[in-house]
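Let me begin by presenting the structure, written as structure tokens, before commenting on it.
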Amino acid sequence: MRAKEGFVYKQMHGTGVVVPVGEASREFRGMVTLNETGSFLWERMQVEVTREELVRALTEAYDTDAETAGKDVDAFAAKLREAGLLAE
């Protein structure tokens, strides 16, 4: 799983923001705001990563168990997929 190219992540006033650049800005209008966990996952998804690697990263960085982290990863990936922000 990997974030689609053509999007830039920035921190603005404590909030993560993903905006399209270049060709992506013709297809995707607007921006996506990310909470702390979403920002954490997005940064790791700049390279190809497995679901299990993301779950492990969450459990190591936050006080959470693998089941909860897995649900968070799945929900985040589903939202990115729906918005067209996952590489195919």
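Residue numbering restarts at 1 in every chain; chains get A, B, ... in the order shown in the structure tokens, and ligands count up from 1 in that same order.
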| task | Write out as a PyMOL selection string the residues lying within 10 Å of Thr68 (chain A), counting only C-alpha atoms and excluding same-chain residues fewer than 3 positions away. | result | chain A and resi 55+58-59+64-65+71-74
| Proximity to Phe76 (chain A) - best of A:Val47, A:Met12, A:Met1, A:Ala24, only C-alpha atoms |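 Among the listed residues, A:Met1 lies closest to Phe76 (chain A).
Of the listed residues A:Val32, A:Ala83, A:Val21, A:Phe40, the one whose atoms come nearest to Glu60 (chain A) is A:Phe40, with distances taken using only C-alpha atoms.
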| request: Write out as a ChimeraX atom specification the residues lying within 10 Å of Ser39 (chain A), counting only C-alpha atoms and excluding same-chain residues fewer than 3 positions away. | output: /A:9-11,15-18,33-36,42-45
Output the selection as a tab-separated table (two decimals), in the first residue's frame - N, CA and C atoms for each residue.
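part37.tsv, freshly written:
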chain	number	residue	atom	x	y	z
A	9	TYR	N	2.39	16.62	1.58
A	9	TYR	CA	1.95	16.70	2.97
A	9	TYR	C	2.66	17.86	3.66
A	10	LYS	N	1.91	18.65	4.40
A	10	LYS	CA	2.45	19.77	5.17
A	10	LYS	C	1.75	19.82	6.52
A	11	GLN	N	2.46	20.34	7.51
A	11	GLN	CA	1.86	20.62	8.81
A	11	GLN	C	1.51	22.09	8.85
A	15	THR	N	-2.00	20.79	12.29
A	15	THR	CA	-2.87	19.88	11.53
A	15	THR	C	-2.15	19.45	10.27
A	16	GLY	N	-2.21	18.16	9.97
A	16	GLY	CA	-1.64	17.66	8.73
A	16	GLY	C	-2.56	17.96	7.56
A	17	VAL	N	-1.99	18.42	6.46
A	17	VAL	CA	-2.76	18.76	5.27
A	17	VAL	C	-2.09	18.11	4.06
A	18	VAL	N	-2.89	17.47	3.22
A	18	VAL	CA	-2.40	16.88	1.97
A	18	VAL	C	-3.04	17.66	0.83
A	33	THR	N	-7.44	17.09	5.22
A	33	THR	CA	-6.84	17.32	6.53
A	33	THR	C	-6.71	15.98	7.25
A	34	LEU	N	-5.63	15.84	7.98
A	34	LEU	CA	-5.35	14.59	8.69
A	34	LEU	C	-5.13	14.86	10.17
A	35	ASN	N	-5.68	13.98	11.00
A	35	ASN	CA	-5.39	14.07	12.42
A	35	ASN	C	-4.00	13.50	12.68
A	36	GLU	N	-3.61	13.40	13.92
A	36	GLU	CA	-2.26	12.94	14.26
A	36	GLU	C	-1.98	11.54	13.73
A	42	TRP	N	0.20	8.52	6.86
A	42	TRP	CA	0.50	9.11	5.55
A	42	TRP	C	2.01	9.21	5.34
A	43	GLU	N	2.72	9.66	6.34
A	43	GLU	CA	4.17	9.80	6.21
A	43	GLU	C	4.83	8.45	5.93
A	44	ARG	N	4.34	7.38	6.53
A	44	ARG	CA	4.90	6.06	6.29
A	44	ARG	C	4.50	5.48	4.95
A	45	MET	N	3.44	5.99	4.38
A	45	MET	CA	2.93	5.47	3.11
A	45	MET	C	3.54	6.16	1.90
| message | Can you pull out every residue from chain A that DSSP, working from the backbone, puts in strand (DSSP E or B), and format the result as an MDAnalysis selection string? | response | chainID A and resid 3 7:12 15:20 32:34 86
Those residues you just picked out, can you put them in a file as a JSON list (two decimals), in the first residue's frame with N, CA and C atoms?
[["chain", "number", "residue", "atom", "x", "y", "z"],
["A", 3, "ALA", "N", 0.82, 5.76, -0.76],
["A", 3, "ALA", "CA", 0.11, 6.99, -1.11],
["A", 3, "ALA", "C", 0.39, 7.32, -2.57],
["A", 7, "PHE", "N", 0.89, 14.33, -4.49],
["A", 7, "PHE", "CA", 0.30, 14.96, -3.33],
["A", 7, "PHE", "C", 1.40, 15.30, -2.33],
["A", 8, "VAL", "N", 1.30, 16.48, -1.73],
["A", 8, "VAL", "CA", 2.30, 16.96, -0.79],
["A", 8, "VAL", "C", 1.67, 17.08, 0.58],
["A", 9, "TYR", "N", 2.39, 16.62, 1.58],
["A", 9, "TYR", "CA", 1.95, 16.70, 2.97],
["A", 9, "TYR", "C", 2.66, 17.86, 3.66],
["A", 10, "LYS", "N", 1.91, 18.65, 4.40],
["A", 10, "LYS", "CA", 2.45, 19.77, 5.17],
["A", 10, "LYS", "C", 1.75, 19.82, 6.52],
["A", 11, "GLN", "N", 2.46, 20.34, 7.51],
["A", 11, "GLN", "CA", 1.86, 20.62, 8.81],
["A", 11, "GLN", "C", 1.51, 22.09, 8.85],
["A", 12, "MET", "N", 0.26, 22.39, 9.16],
["A", 12, "MET", "CA", -0.20, 23.77, 9.24],
["A", 12, "MET", "C", -0.93, 23.95, 10.56],
["A", 15, "THR", "N", -2.00, 20.79, 12.29],
["A", 15, "THR", "CA", -2.87, 19.88, 11.53],
["A", 15, "THR", "C", -2.15, 19.45, 10.27],
["A", 16, "GLY", "N", -2.21, 18.16, 9.97],
["A", 16, "GLY", "CA", -1.64, 17.66, 8.73],
["A", 16, "GLY", "C", -2.56, 17.96, 7.56],
["A", 17, "VAL", "N", -1.99, 18.42, 6.46],
["A", 17, "VAL", "CA", -2.76, 18.76, 5.27],
["A", 17, "VAL", "C", -2.09, 18.11, 4.06],
["A", 18, "VAL", "N", -2.89, 17.47, 3.22],
["A", 18, "VAL", "CA", -2.40, 16.88, 1.97],
["A", 18, "VAL", "C", -3.04, 17.66, 0.83],
["A", 19, "VAL", "N", -2.20, 18.18, -0.07],
["A", 19, "VAL", "CA", -2.69, 18.96, -1.20],
["A", 19, "VAL", "C", -2.13, 18.39, -2.51],
["A", 20, "PRO", "N", -2.91, 18.45, -3.57],
["A", 20, "PRO", "CA", -2.41, 17.97, -4.86],
["A", 20, "PRO", "C", -1.48, 18.99, -5.49],
["A", 32, "VAL", "N", -6.92, 17.60, 1.84],
["A", 32, "VAL", "CA", -7.36, 16.64, 2.84],
["A", 32, "VAL", "C", -6.67, 16.99, 4.15],
["A", 33, "THR", "N", -7.44, 17.09, 5.22],
["A", 33, "THR", "CA", -6.84, 17.32, 6.53],
["A", 33, "THR", "C", -6.71, 15.98, 7.25],
["A", 34, "LEU", "N", -5.63, 15.84, 7.98],
["A", 34, "LEU", "CA", -5.35, 14.59, 8.69],
["A", 34, "LEU", "C", -5.13, 14.86, 10.17],
["A", 86, "LEU", "N", -4.74, 6.52, -2.99],
["A", 86, "LEU", "CA", -3.86, 5.36, -2.90],
["A", 86, "LEU", "C", -3.35, 4.99, -4.28]]
| said: One number please: CA of Lys4 (chain A) to CA of Phe28 (chain A), in Å, one decimal. | reply: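 So the two atoms, CA of Lys4 (chain A) and CA of Phe28 (chain A), lie 11.6 Å apart.
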| Pick from A:Gly6, A:Gly14, A:Gly70, A:Gly38: nearest to Ala87 (chain A), with only C-alpha atoms counted? | A:Gly6
| said: Taking the DSSP secondary structure from the backbone, can you list the residues of region 8-39 of chain A that are helix (DSSP H, G or I), as a list in words? | reply: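 Of region 8-39 of chain A, only Ala24, Ser25, Arg26, Glu27, Glu36, Thr37, Gly38 and Ser39 of chain A fall in helix (DSSP H, G or I).
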| task | Counting only C-alpha atoms, figure out which residue out of A:Gly30, A:His13, A:Thr37, A:Glu5 gets nearest to Tyr62 (chain A). | result |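 Nearest candidate to Tyr62 (chain A) out of A:Gly30, A:His13, A:Thr37, A:Glu5: A:Thr37.
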